[in-house]
file query.cif (mmCIF, C-alpha atoms and all ligand atoms; chains and numbers go by the auth columns)
data_entry
loop_
_atom_site.group_PDB
_atom_site.id
_atom_site.type_symbol
_atom_site.label_atom_id
_atom_site.label_comp_id
_atom_site.label_asym_id
_atom_site.label_seq_id
_atom_site.Cartn_x
_atom_site.Cartn_y
_atom_site.Cartn_z
_atom_site.B_iso_or_equiv
_atom_site.auth_seq_id
_atom_site.auth_asym_id
ATOM 1 C CA MET A 1 14.816 6.471 6.444 0.00 1 G
ATOM 2 C CA LYS A 2 18.535 6.994 6.779 0.00 2 G
ATOM 3 C CA PRO A 3 19.682 10.511 5.855 0.00 3 G
ATOM 4 C CA LEU A 4 22.107 9.069 3.334 0.00 4 G
ATOM 5 C CA LEU A 5 19.342 7.333 1.444 0.00 5 G
ATOM 6 C CA ARG A 6 17.281 10.515 1.499 0.00 6 G
ATOM 7 C CA GLN A 7 20.117 12.301 -0.207 0.00 7 G
ATOM 8 C CA GLU A 8 20.505 9.543 -2.774 0.00 8 G
ATOM 9 C CA LEU A 9 16.790 9.586 -3.515 0.00 9 G
ATOM 10 C CA GLY A 10 17.109 13.333 -4.051 0.00 10 G
ATOM 11 C CA GLU A 11 19.846 12.735 -6.598 0.00 11 G
ATOM 12 C CA LEU A 12 17.826 10.013 -8.255 0.00 12 G
ATOM 13 C CA LYS A 13 14.899 12.404 -8.508 0.00 13 G
ATOM 14 C CA ASN A 14 17.042 15.067 -10.186 0.00 14 G
ATOM 15 C CA PHE A 15 18.210 12.480 -12.657 0.00 15 G
ATOM 16 C CA PHE A 16 14.736 11.278 -13.585 0.00 16 G
ATOM 17 C CA VAL A 17 13.424 14.839 -13.841 0.00 17 G
ATOM 18 C CA ALA A 18 16.353 15.845 -16.064 0.00 18 G
ATOM 19 C CA ASN A 19 15.433 12.937 -18.334 0.00 19 G
ATOM 20 C CA GLY A 20 11.740 13.875 -18.387 0.00 20 G
ATOM 21 C CA TRP A 21 10.821 10.572 -16.746 0.00 21 G
ATOM 22 C CA GLU A 22 9.163 11.495 -13.430 0.00 22 G
ATOM 23 C CA ASP A 23 7.100 8.337 -13.580 0.00 23 G
ATOM 24 C CA GLY A 24 10.326 6.308 -13.385 0.00 24 G
ATOM 25 C CA LEU A 25 11.023 7.751 -9.947 0.00 25 G
ATOM 26 C CA PHE A 26 7.578 6.666 -8.710 0.00 26 G
ATOM 27 C CA GLN A 27 8.202 3.175 -10.044 0.00 27 G
ATOM 28 C CA VAL A 28 11.522 2.880 -8.217 0.00 28 G
ATOM 29 C CA LEU A 29 9.682 3.773 -5.007 0.00 29 G
ATOM 30 C CA PHE A 30 7.009 1.135 -5.681 0.00 30 G
ATOM 31 C CA VAL A 31 9.703 -1.493 -6.207 0.00 31 G
ATOM 32 C CA LEU A 32 11.627 -0.410 -3.094 0.00 32 G
ATOM 33 C CA GLU A 33 8.425 -0.604 -1.040 0.00 33 G
ATOM 34 C CA ASN A 34 7.547 -4.064 -2.397 0.00 34 G
ATOM 35 C CA VAL A 35 4.258 -3.114 -4.054 0.00 35 G
ATOM 36 C CA LYS A 36 5.708 -3.866 -7.493 0.00 36 G
ATOM 37 C CA PRO A 37 8.003 -6.854 -8.207 0.00 37 G
ATOM 38 C CA GLY A 38 10.105 -4.935 -10.710 0.00 38 G
ATOM 39 C CA MET A 39 10.142 -2.093 -13.220 0.00 39 G
ATOM 40 C CA TYR A 40 10.701 -2.126 -16.933 0.00 40 G
ATOM 41 C CA LEU A 41 13.167 0.645 -17.786 0.00 41 G
ATOM 42 C CA GLN A 42 11.979 0.984 -21.387 0.00 42 G
ATOM 43 C CA GLN A 43 15.320 2.294 -22.478 0.00 43 G
ATOM 44 C CA THR A 44 17.251 1.097 -25.499 0.00 44 G
ATOM 45 C CA ASN A 45 20.017 3.663 -25.185 0.00 45 G
ATOM 46 C CA GLN A 46 22.792 1.628 -23.505 0.00 46 G
ATOM 47 C CA ARG A 47 24.657 4.675 -22.242 0.00 47 G
ATOM 48 C CA LYS A 48 21.566 5.963 -20.479 0.00 48 G
ATOM 49 C CA LEU A 49 20.800 2.481 -19.165 0.00 49 G
ATOM 50 C CA ARG A 50 24.231 2.365 -17.579 0.00 50 G
ATOM 51 C CA GLN A 51 23.603 5.721 -15.925 0.00 51 G
ATOM 52 C CA PHE A 52 20.308 4.428 -14.509 0.00 52 G
ATOM 53 C CA ASN A 53 22.121 1.284 -13.473 0.00 53 G
ATOM 54 C CA ASN A 54 24.732 3.149 -11.465 0.00 54 G
ATOM 55 C CA MET A 55 22.124 5.117 -9.528 0.00 55 G
ATOM 56 C CA LEU A 56 19.739 2.229 -8.912 0.00 56 G
ATOM 57 C CA LEU A 57 22.613 0.163 -7.466 0.00 57 G
ATOM 58 C CA TRP A 58 22.608 2.509 -4.454 0.00 58 G
ATOM 59 C CA PHE A 59 19.309 0.949 -3.462 0.00 59 G
ATOM 60 C CA ASN A 60 20.471 -2.667 -3.733 0.00 60 G
ATOM 61 C CA LEU A 61 18.366 -3.345 -6.780 0.00 61 G
ATOM 62 C CA HIS A 62 19.366 -5.954 -9.342 0.00 62 G
ATOM 63 C CA ILE A 63 19.541 -4.292 -12.725 0.00 63 G
ATOM 64 C CA SER A 64 19.424 -6.063 -16.044 0.00 64 G
ATOM 65 C CA LEU A 65 20.561 -4.059 -19.046 0.00 65 G
ATOM 66 C CA ARG A 66 19.045 -6.568 -21.429 0.00 66 G
ATOM 67 C CA HIS A 67 15.747 -6.273 -23.308 0.00 67 G
ATOM 68 C CA GLY A 68 15.320 -2.575 -22.563 0.00 68 G
ATOM 69 C CA GLY A 69 16.340 -2.876 -18.925 0.00 69 G
ATOM 70 C CA TYR A 70 14.711 -4.184 -15.769 0.00 70 G
ATOM 71 C CA ALA A 71 15.192 -3.361 -12.081 0.00 71 G
ATOM 72 C CA THR A 72 14.067 -5.590 -9.213 0.00 72 G
ATOM 73 C CA LYS A 73 14.883 -6.617 -5.647 0.00 73 G
ATOM 74 C CA ASN A 74 14.213 -10.237 -6.577 0.00 74 G
ATOM 75 C CA ILE A 75 17.317 -12.109 -7.745 0.00 75 G
ATOM 76 C CA GLY A 76 15.194 -14.891 -9.276 0.00 76 G
ATOM 77 C CA LEU A 77 13.267 -12.443 -11.464 0.00 77 G
ATOM 78 C CA PHE A 78 16.528 -10.737 -12.402 0.00 78 G
ATOM 79 C CA LYS A 79 18.012 -14.027 -13.607 0.00 79 G
ATOM 80 C CA GLU A 80 14.886 -14.928 -15.508 0.00 80 G
ATOM 81 C CA TRP A 81 14.791 -11.549 -17.219 0.00 81 G
ATOM 82 C CA ASN A 82 18.346 -12.061 -18.424 0.00 82 G
ATOM 83 C CA LYS A 83 17.584 -15.524 -19.705 0.00 83 G
ATOM 84 C CA PHE A 84 14.773 -15.169 -22.178 0.00 84 G
ATOM 85 C CA PHE A 85 15.282 -14.519 -25.866 0.00 85 G
ATOM 86 C CA GLY A 86 11.909 -14.256 -27.552 0.00 86 G
ATOM 87 C CA PHE A 87 10.719 -11.039 -26.015 0.00 87 G
ATOM 88 C CA LYS A 88 7.316 -11.307 -24.468 0.00 88 G
ATOM 89 C CA ILE A 89 7.100 -10.040 -20.919 0.00 89 G
ATOM 90 C CA ASP A 90 5.144 -12.054 -18.399 0.00 90 G
ATOM 91 C CA ALA A 91 3.607 -8.835 -17.115 0.00 91 G
ATOM 92 C CA GLU A 92 1.945 -10.493 -14.168 0.00 92 G
ATOM 93 C CA ARG A 93 5.139 -11.904 -12.706 0.00 93 G
ATOM 94 C CA PHE A 94 7.697 -9.281 -13.723 0.00 94 G
ATOM 95 C CA LEU A 95 5.619 -6.146 -13.335 0.00 95 G
ATOM 96 C CA GLY A 96 2.848 -7.150 -10.949 0.00 96 G
ATOM 97 C CA TYR A 97 -0.080 -6.432 -13.264 0.00 97 G
ATOM 98 C CA PRO A 98 -3.347 -8.038 -12.091 0.00 98 G
ATOM 99 C CA PRO A 99 -3.943 -11.405 -13.828 0.00 99 G
ATOM 100 C CA CYS A 100 -7.457 -10.386 -14.912 0.00 100 G
ATOM 101 C CA CYS A 101 -6.074 -7.326 -16.733 0.00 101 G
ATOM 102 C CA VAL A 102 -3.225 -9.294 -18.358 0.00 102 G
ATOM 103 C CA ARG A 103 -5.665 -11.950 -19.581 0.00 103 G
ATOM 104 C CA SER A 104 -7.992 -9.327 -20.865 0.00 104 G
ATOM 105 C CA HIS A 105 -5.187 -7.422 -22.586 0.00 105 G
ATOM 106 C CA ASN A 106 -3.835 -10.583 -24.200 0.00 106 G
ATOM 107 C CA SER A 107 -7.225 -11.289 -25.697 0.00 107 G
ATOM 108 C CA HIS A 108 -6.761 -7.976 -27.570 0.00 108 G
ATOM 109 C CA LEU A 109 -10.168 -6.981 -26.349 0.00 109 G
ATOM 110 C CA GLY A 110 -9.862 -6.090 -22.734 0.00 110 G
ATOM 111 C CA ASP A 111 -8.217 -2.708 -22.737 0.00 111 G
ATOM 112 C CA ILE A 112 -10.404 -1.577 -25.611 0.00 112 G
ATOM 113 C CA LEU A 113 -13.537 -2.723 -23.834 0.00 113 G
ATOM 114 C CA SER A 114 -12.399 -0.810 -20.794 0.00 114 G
ATOM 115 C CA VAL A 115 -12.073 2.313 -22.937 0.00 115 G
ATOM 116 C CA ILE A 116 -15.514 1.728 -24.477 0.00 116 G
ATOM 117 C CA GLN A 117 -16.874 1.549 -20.946 0.00 117 G
ATOM 118 C CA LEU A 118 -15.185 4.849 -20.230 0.00 118 G
ATOM 119 C CA TYR A 119 -16.667 6.321 -23.391 0.00 119 G
ATOM 120 C CA SER A 120 -20.120 5.114 -22.357 0.00 120 G
ATOM 121 C CA LEU A 121 -19.653 6.679 -18.962 0.00 121 G
ATOM 122 C CA VAL A 122 -18.669 10.051 -20.395 0.00 122 G
ATOM 123 C CA LYS A 123 -21.640 9.879 -22.750 0.00 123 G
ATOM 124 C CA ALA A 124 -23.980 9.117 -19.850 0.00 124 G
ATOM 125 C CA ILE A 125 -22.648 12.148 -18.012 0.00 125 G
ATOM 126 C CA ARG A 126 -23.260 14.280 -21.075 0.00 126 G
ATOM 127 C CA LEU A 127 -26.823 13.078 -21.357 0.00 127 G
ATOM 128 C CA LYS A 128 -27.807 12.909 -17.710 0.00 128 G
ATOM 129 C CA LYS A 129 -25.117 14.866 -15.880 0.00 129 G
ATOM 130 C CA SER A 130 -24.800 11.918 -13.519 0.00 130 G
ATOM 131 C CA ASN A 131 -22.075 9.378 -12.770 0.00 131 G
ATOM 132 C CA ILE A 132 -19.503 12.132 -12.363 0.00 132 G
ATOM 133 C CA LEU A 133 -18.356 10.521 -9.149 0.00 133 G
ATOM 134 C CA GLN A 134 -17.784 7.230 -10.923 0.00 134 G
ATOM 135 C CA LEU A 135 -15.650 8.923 -13.555 0.00 135 G
ATOM 136 C CA LYS A 136 -13.671 10.800 -10.918 0.00 136 G
ATOM 137 C CA GLN A 137 -13.160 7.531 -9.121 0.00 137 G
ATOM 138 C CA PHE A 138 -11.969 5.871 -12.317 0.00 138 G
ATOM 139 C CA ILE A 139 -9.403 8.611 -12.903 0.00 139 G
ATOM 140 C CA LEU A 140 -8.262 8.547 -9.277 0.00 140 G
ATOM 141 C CA ASN A 141 -8.077 4.772 -9.344 0.00 141 G
ATOM 142 C CA ARG A 142 -5.623 4.572 -12.174 0.00 142 G
ATOM 143 C CA ARG A 143 -3.203 7.411 -11.701 0.00 143 G
ATOM 144 C CA PHE A 144 -0.155 5.278 -11.039 0.00 144 G
ATOM 145 C CA LEU A 145 -1.165 2.143 -12.918 0.00 145 G
ATOM 146 C CA HIS A 146 0.831 1.103 -15.948 0.00 146 G
ATOM 147 C CA HIS A 147 -1.704 -1.301 -17.322 0.00 147 G
ATOM 148 C CA ASN A 148 -5.165 -0.626 -18.662 0.00 148 G
ATOM 149 C CA PRO A 149 -7.633 -2.031 -16.152 0.00 149 G
ATOM 150 C CA CYS A 150 -9.755 -4.834 -17.615 0.00 150 G
ATOM 151 C CA SER A 151 -12.830 -2.866 -16.636 0.00 151 G
ATOM 152 C CA ILE A 152 -13.457 0.531 -15.128 0.00 152 G
ATOM 153 C CA ASN A 153 -14.355 -1.254 -11.892 0.00 153 G
ATOM 154 C CA CYS A 154 -11.483 -3.783 -11.834 0.00 154 G
ATOM 155 C CA GLU A 155 -11.098 -4.498 -8.145 0.00 155 G
ATOM 156 C CA MET A 156 -7.477 -5.675 -8.290 0.00 156 G
ATOM 157 C CA SER A 157 -6.482 -2.482 -10.088 0.00 157 G
ATOM 158 C CA VAL A 158 -8.193 -0.389 -7.422 0.00 158 G
ATOM 159 C CA ILE A 159 -6.347 -2.279 -4.656 0.00 159 G
ATOM 160 C CA LEU A 160 -3.019 -1.870 -6.471 0.00 160 G
ATOM 161 C CA GLU A 161 -3.606 1.827 -7.003 0.00 161 G
ATOM 162 C CA ARG A 162 -4.339 2.271 -3.273 0.00 162 G
ATOM 163 C CA LYS A 163 -1.004 0.660 -2.451 0.00 163 G
ATOM 164 C CA PHE A 164 0.745 2.989 -4.918 0.00 164 G
ATOM 165 C CA GLU A 165 -0.986 6.017 -3.385 0.00 165 G
ATOM 166 C CA ALA A 166 0.157 4.950 0.099 0.00 166 G
ATOM 167 C CA VAL A 167 3.780 4.827 -1.097 0.00 167 G
ATOM 168 C CA ILE A 168 3.434 8.225 -2.751 0.00 168 G
ATOM 169 C CA ASN A 169 2.077 9.650 0.527 0.00 169 G
ATOM 170 C CA LYS A 170 5.000 8.160 2.433 0.00 170 G
ATOM 171 C CA TYR A 171 7.447 9.861 0.049 0.00 171 G
ATOM 172 C CA ASN A 172 5.495 13.083 -0.191 0.00 172 G
ATOM 173 C CA TRP A 173 8.594 14.990 0.955 0.00 173 G
ATOM 174 C CA LEU A 174 10.324 13.809 -2.212 0.00 174 G
ATOM 175 C CA VAL A 175 7.633 13.864 -4.897 0.00 175 G
ATOM 176 C CA ALA A 176 5.026 16.488 -3.893 0.00 176 G
ATOM 177 C CA ASP A 177 6.177 19.060 -6.456 0.00 177 G
ATOM 178 C CA LEU A 178 5.988 16.520 -9.298 0.00 178 G
ATOM 179 C CA LEU A 179 2.406 15.430 -8.708 0.00 179 G
ATOM 180 C CA PRO A 180 0.254 18.192 -10.288 0.00 180 G
ATOM 181 C CA ALA A 181 1.930 17.871 -13.688 0.00 181 G
ATOM 182 C CA PHE A 182 1.800 14.091 -13.404 0.00 182 G
ATOM 183 C CA TYR A 183 -1.950 14.043 -12.699 0.00 183 G
ATOM 184 C CA ASN A 184 -2.500 16.337 -15.654 0.00 184 G
ATOM 185 C CA LEU A 185 -0.574 13.901 -17.814 0.00 185 G
ATOM 186 C CA GLY A 186 -2.848 11.100 -16.585 0.00 186 G
ATOM 187 C CA ILE A 187 -5.912 12.962 -17.829 0.00 187 G
ATOM 188 C CA GLN A 188 -4.225 13.585 -21.177 0.00 188 G
ATOM 189 C CA CYS A 189 -3.510 9.883 -21.362 0.00 189 G
ATOM 190 C CA ILE A 190 -7.178 8.981 -20.785 0.00 190 G
ATOM 191 C CA LEU A 191 -8.149 11.508 -23.436 0.00 191 G
ATOM 192 C CA SER A 192 -5.796 10.034 -25.980 0.00 192 G
ATOM 193 C CA LEU A 193 -7.135 6.557 -25.143 0.00 193 G
ATOM 194 C CA LEU A 194 -10.612 7.831 -25.958 0.00 194 G
ATOM 195 C CA GLU A 195 -9.502 9.607 -29.089 0.00 195 G
ATOM 196 C CA GLY A 196 -7.657 6.555 -30.370 0.00 196 G
ATOM 197 C CA LEU A 197 -10.648 4.346 -29.724 0.00 197 G
ATOM 198 C CA GLN A 198 -11.917 4.164 -33.266 0.00 198 G
ATOM 199 C CA GLU A 199 -8.512 3.330 -34.655 0.00 199 G
ATOM 200 C CA ARG A 200 -8.025 0.619 -32.053 0.00 200 G
ATOM 201 C CA LEU A 201 -11.419 -0.852 -32.778 0.00 201 G
ATOM 202 C CA ALA A 202 -10.671 -0.943 -36.490 0.00 202 G
ATOM 203 C CA ASN A 203 -7.892 -3.453 -35.899 0.00 203 G
ATOM 204 C CA LEU A 204 -10.165 -5.862 -34.121 0.00 204 G
ATOM 205 C CA ASN A 205 -12.492 -8.526 -35.267 0.00 205 G
ATOM 206 C CA ILE A 206 -15.877 -6.852 -34.810 0.00 206 G
ATOM 207 C CA ASN A 207 -17.692 -10.148 -34.362 0.00 207 G
ATOM 208 C CA LEU A 208 -15.425 -10.917 -31.468 0.00 208 G
ATOM 209 C CA ILE A 209 -16.421 -7.650 -29.865 0.00 209 G
ATOM 210 C CA ASN A 210 -20.097 -8.304 -30.380 0.00 210 G
ATOM 211 C CA ASP A 211 -19.796 -11.659 -28.656 0.00 211 G
ATOM 212 C CA ASN A 212 -18.224 -10.065 -25.643 0.00 212 G
ATOM 213 C CA ILE A 213 -20.182 -6.838 -25.386 0.00 213 G
ATOM 214 C CA LEU A 214 -23.035 -8.104 -23.278 0.00 214 G
ATOM 215 C CA ASP A 215 -20.729 -9.848 -20.808 0.00 215 G
ATOM 216 C CA MET A 216 -18.933 -6.583 -20.191 0.00 216 G
ATOM 217 C CA GLY A 217 -22.143 -4.601 -19.750 0.00 217 G
ATOM 218 C CA ILE A 218 -21.432 -2.463 -22.781 0.00 218 G
ATOM 219 C CA ASN A 219 -24.146 -0.882 -24.850 0.00 219 G
ATOM 220 C CA ARG A 220 -24.117 -2.205 -28.416 0.00 220 G
ATOM 221 C CA ASN A 221 -25.270 1.192 -29.706 0.00 221 G
ATOM 222 C CA ASP A 222 -22.175 2.819 -28.273 0.00 222 G
ATOM 223 C CA VAL A 223 -19.930 0.497 -30.245 0.00 223 G
ATOM 224 C CA GLU A 224 -21.850 1.147 -33.440 0.00 224 G
ATOM 225 C CA GLU A 225 -21.692 4.870 -32.808 0.00 225 G
ATOM 226 C CA ILE A 226 -17.928 4.663 -32.432 0.00 226 G
ATOM 227 C CA LEU A 227 -17.475 2.448 -35.479 0.00 227 G
ATOM 228 C CA GLN A 228 -19.585 4.687 -37.656 0.00 228 G
ATOM 229 C CA ASN A 229 -17.796 7.781 -36.403 0.00 229 G
ATOM 230 C CA ASN A 230 -21.079 9.645 -36.552 0.00 230 G
ATOM 231 C CA VAL A 231 -21.978 13.110 -35.332 0.00 231 G
ATOM 232 C CA GLU A 232 -22.935 11.854 -31.879 0.00 232 G
ATOM 233 C CA PHE A 233 -19.552 10.205 -31.483 0.00 233 G
ATOM 234 C CA GLN A 234 -17.770 13.433 -32.399 0.00 234 G
ATOM 235 C CA ASN A 235 -19.987 15.404 -30.021 0.00 235 G
ATOM 236 C CA ASN A 236 -19.354 12.978 -27.199 0.00 236 G
ATOM 237 C CA LEU A 237 -15.608 13.063 -27.794 0.00 237 G
ATOM 238 C CA ARG A 238 -15.598 16.848 -27.763 0.00 238 G
ATOM 239 C CA PHE A 239 -17.589 16.784 -24.554 0.00 239 G
ATOM 240 C CA ALA A 240 -15.206 14.230 -23.041 0.00 240 G
ATOM 241 C CA LYS A 241 -12.272 16.491 -23.831 0.00 241 G
ATOM 242 C CA GLN A 242 -13.817 19.557 -22.186 0.00 242 G
ATOM 243 C CA PHE A 243 -15.130 17.561 -19.304 0.00 243 G
ATOM 244 C CA LEU A 244 -11.917 15.710 -18.498 0.00 244 G
ATOM 245 C CA GLU A 245 -9.937 18.926 -18.657 0.00 245 G
ATOM 246 C CA SER A 246 -12.195 20.436 -16.014 0.00 246 G
ATOM 247 C CA VAL A 247 -13.036 17.466 -13.854 0.00 247 G
ATOM 248 C CA ILE A 248 -10.166 17.116 -11.399 0.00 248 G
HETATM 249 ZN ZN ZN B . -8.404 -6.435 -13.980 0.00 1 O
#
call {"tool": "encode", "arguments": {"input": "query.cif", "output": "structure tokens"}}
result
Amino acid sequence: MKPLLRQELGELKNFFVANGWEDGLFQVLFVLENVKPGMYLQQTNQRKLRQFNNMLLWFNLHISLRHGGYATKNIGLFKEWNKFFGFKIDAERFLGYPPCCVRSHNSHLGDILSVIQLYSLVKAIRLKKSNILQLKQFILNRRFLHHNPCSINCEMSVILERKFEAVINKYNWLVADLLPAFYNLGIQCILSLLEGLQERLANLNINLINDNILDMGINRNDVEEILQNNVEFQNNLRFAKQFLESVI
């Protein structure tokens, strides 16, 4: 990499860190290295968007300030992003999410089922002290993902995560000091997914879940336990919290 670009990346890093958005720096790297078609800037503050814009231009990215902001190397995607009015992102095309996970998320079931699977896994560990490796793998496999995998074993998510990890290794000189806090945040995020499970389930049509449970290999009793918010559920959540905080 040219020394000039190294310096610019350093400045970009300072900017993202100052804004408490370390993850944004990783995403820029994924876009620059072609493992992600574009990044959603998630910023409604126009002044801040313009600041991002000015820095991202150094890297020959096309930046749209519309709809919360979008950065990409692909001029076609840039034009399309600018065009649409009704705001529903095609996450597969714009952000590179695996089609299976997008489909699953759009059914309003998928990400919740994935979290129920995770809950079941944590419960199994509590009961049998086994499957720890699987849980570790799940956490490792989704550190840099922005979508909820459609299942804890989603192959496309694992492949994507490996590509992200390779980019992070390549830019270790730039990001190494940011990683420990970022990984910790990832575990907190999984915890809050688990803790919000009951609330998320409450908004769903339970019959729909029942129809899909067996296909996803989920234990019906686990769902009932969650829905009833019984003592076991509370115990398992408490265990999950302690366990996740100590696991990696
Ligand atoms: Zn998937």
call {"tool": "closest_residue", "arguments": {"input": "query.cif", "among": "G:Leu160, G:Val31, G:Leu185, G:Val231", "to": "ligand ZN 1 (chain O)", "atoms": "all atoms listed in the file"}}
result
G:Leu160
call {"tool": "closest_residue", "arguments": {"input": "query.cif", "among": "G:Gly76, G:Asn14, G:Phe233, G:Leu9", "to": "Arg126 (chain G)", "atoms": "all atoms listed in the file"}}
result
G:Phe233
call {"tool": "atom_distance", "arguments": {"input": "query.cif", "atom1": "CA of Ile89 (chain G)", "atom2": "CA of Ser104 (chain G)"}}
result
15.1 Å
call {"tool": "closest_atom_pairs", "arguments": {"input": "query.cif", "of": "chain G", "to": "ligand ZN 1 (chain O)", "cutoff": "9 Å", "atoms": "all atoms listed in the file", "output": "Markdown table"}}
result
| residue | atom | partner | partner_atom | distance |
| --- | --- | --- | --- | --- |
| G:Tyr97 | CA | O:ZN1 | ZN | 8.4 |
| G:Pro98 | CA | O:ZN1 | ZN | 5.6 |
| G:Pro99 | CA | O:ZN1 | ZN | 6.7 |
| G:Cys100 | CA | O:ZN1 | ZN | 4.2 |
| G:Cys101 | CA | O:ZN1 | ZN | 3.7 |
| G:Val102 | CA | O:ZN1 | ZN | 7.4 |
| G:Arg103 | CA | O:ZN1 | ZN | 8.3 |
| G:Ser104 | CA | O:ZN1 | ZN | 7.5 |
| G:Gly110 | CA | O:ZN1 | ZN | 8.9 |
| G:Asn148 | CA | O:ZN1 | ZN | 8.1 |
| G:Pro149 | CA | O:ZN1 | ZN | 5.0 |
| G:Cys150 | CA | O:ZN1 | ZN | 4.2 |
| G:Ser151 | CA | O:ZN1 | ZN | 6.3 |
| G:Ile152 | CA | O:ZN1 | ZN | 8.7 |
| G:Asn153 | CA | O:ZN1 | ZN | 8.2 |
| G:Cys154 | CA | O:ZN1 | ZN | 4.6 |
| G:Glu155 | CA | O:ZN1 | ZN | 6.7 |
| G:Met156 | CA | O:ZN1 | ZN | 5.8 |
| G:Ser157 | CA | O:ZN1 | ZN | 5.9 |
| G:Val158 | CA | O:ZN1 | ZN | 8.9 |
call {"tool": "residues_around", "arguments": {"input": "query.cif", "residues": "Phe182 (chain G)", "least_positions_apart": "4", "cutoff": "12 Å", "atoms": "all atoms listed in the file", "output": "PDB file with C-alpha atoms, in the frame of the given file"}}
result
ATOM      1  CA  VAL G  17      13.424  14.839 -13.841  1.00  0.00           C
ATOM      2  CA  GLY G  20      11.740  13.875 -18.387  1.00  0.00           C
ATOM      3  CA  TRP G  21      10.821  10.572 -16.746  1.00  0.00           C
ATOM      4  CA  GLU G  22       9.163  11.495 -13.430  1.00  0.00           C
ATOM      5  CA  ASP G  23       7.100   8.337 -13.580  1.00  0.00           C
ATOM      6  CA  GLY G  24      10.326   6.308 -13.385  1.00  0.00           C
ATOM      7  CA  LEU G  25      11.023   7.751  -9.947  1.00  0.00           C
ATOM      8  CA  PHE G  26       7.578   6.666  -8.710  1.00  0.00           C
ATOM      9  CA  ARG G 143      -3.203   7.411 -11.701  1.00  0.00           C
ATOM     10  CA  PHE G 144      -0.155   5.278 -11.039  1.00  0.00           C
ATOM     11  CA  VAL G 175       7.633  13.864  -4.897  1.00  0.00           C
ATOM     12  CA  ALA G 176       5.026  16.488  -3.893  1.00  0.00           C
ATOM     13  CA  ASP G 177       6.177  19.060  -6.456  1.00  0.00           C
ATOM     14  CA  LEU G 178       5.988  16.520  -9.298  1.00  0.00           C
ATOM     15  CA  GLY G 186      -2.848  11.100 -16.585  1.00  0.00           C
ATOM     16  CA  ILE G 187      -5.912  12.962 -17.829  1.00  0.00           C
ATOM     17  CA  GLN G 188      -4.225  13.585 -21.177  1.00  0.00           C
ATOM     18  CA  CYS G 189      -3.510   9.883 -21.362  1.00  0.00           C
TER      19      CYS G 189
END
call {"tool": "closest_residue", "arguments": {"input": "query.cif", "among": "G:Leu113, G:Val35, G:Ala240, G:Ala124", "to": "Arg162 (chain G)", "atoms": "all atoms listed in the file"}}
result
G:Val35
call {"tool": "residues_near_point", "arguments": {"input": "query.cif", "point": "(20.6, 3.8, -2.5)", "cutoff": "6 Å", "atoms": "only C-alpha atoms", "output": "PDB file with C-alpha atoms, in the frame of the given file"}}
result
ATOM      1  CA  LEU G   5      19.342   7.333   1.444  1.00  0.00           C
ATOM      2  CA  GLU G   8      20.505   9.543  -2.774  1.00  0.00           C
ATOM      3  CA  TRP G  58      22.608   2.509  -4.454  1.00  0.00           C
ATOM      4  CA  PHE G  59      19.309   0.949  -3.462  1.00  0.00           C
TER       5      PHE G  59
END
call {"tool": "build_atoms", "arguments": {"input": "query.cif", "residues": "region 134-145 of chain G", "atoms": "N, CA and C atoms", "output": "PDB file, in the frame of the given file"}}
result
ATOM      1  N   GLN G 134     -18.368   8.467 -10.413  1.00  0.00           N
ATOM      2  CA  GLN G 134     -17.784   7.230 -10.923  1.00  0.00           C
ATOM      3  C   GLN G 134     -16.589   7.534 -11.834  1.00  0.00           C
ATOM      4  N   LEU G 135     -16.745   8.560 -12.660  1.00  0.00           N
ATOM      5  CA  LEU G 135     -15.650   8.923 -13.555  1.00  0.00           C
ATOM      6  C   LEU G 135     -14.455   9.445 -12.760  1.00  0.00           C
ATOM      7  N   LYS G 136     -14.762  10.293 -11.762  1.00  0.00           N
ATOM      8  CA  LYS G 136     -13.671  10.800 -10.918  1.00  0.00           C
ATOM      9  C   LYS G 136     -12.944   9.643 -10.266  1.00  0.00           C
ATOM     10  N   GLN G 137     -13.743   8.684  -9.787  1.00  0.00           N
ATOM     11  CA  GLN G 137     -13.160   7.531  -9.121  1.00  0.00           C
ATOM     12  C   GLN G 137     -12.270   6.746 -10.081  1.00  0.00           C
ATOM     13  N   PHE G 138     -12.746   6.603 -11.316  1.00  0.00           N
ATOM     14  CA  PHE G 138     -11.969   5.871 -12.317  1.00  0.00           C
ATOM     15  C   PHE G 138     -10.615   6.550 -12.541  1.00  0.00           C
ATOM     16  N   ILE G 139     -10.666   7.886 -12.657  1.00  0.00           N
ATOM     17  CA  ILE G 139      -9.403   8.611 -12.903  1.00  0.00           C
ATOM     18  C   ILE G 139      -8.484   8.476 -11.694  1.00  0.00           C
ATOM     19  N   LEU G 140      -9.072   8.650 -10.493  1.00  0.00           N
ATOM     20  CA  LEU G 140      -8.262   8.547  -9.277  1.00  0.00           C
ATOM     21  C   LEU G 140      -7.699   7.140  -9.110  1.00  0.00           C
ATOM     22  N   ASN G 141      -8.486   6.159  -9.545  1.00  0.00           N
ATOM     23  CA  ASN G 141      -8.077   4.772  -9.344  1.00  0.00           C
ATOM     24  C   ASN G 141      -7.012   4.288 -10.310  1.00  0.00           C
ATOM     25  N   ARG G 142      -6.607   5.091 -11.223  1.00  0.00           N
ATOM     26  CA  ARG G 142      -5.623   4.572 -12.174  1.00  0.00           C
ATOM     27  C   ARG G 142      -4.471   5.536 -12.424  1.00  0.00           C
ATOM     28  N   ARG G 143      -4.238   6.414 -11.465  1.00  0.00           N
ATOM     29  CA  ARG G 143      -3.203   7.411 -11.701  1.00  0.00           C
ATOM     30  C   ARG G 143      -1.812   6.815 -11.832  1.00  0.00           C
ATOM     31  N   PHE G 144      -1.516   5.811 -11.013  1.00  0.00           N
ATOM     32  CA  PHE G 144      -0.155   5.278 -11.039  1.00  0.00           C
ATOM     33  C   PHE G 144      -0.061   3.907 -11.693  1.00  0.00           C
ATOM     34  N   LEU G 145      -1.173   3.449 -12.259  1.00  0.00           N
ATOM     35  CA  LEU G 145      -1.165   2.143 -12.918  1.00  0.00           C
ATOM     36  C   LEU G 145      -0.464   2.236 -14.264  1.00  0.00           C
TER      37      LEU G 145
END
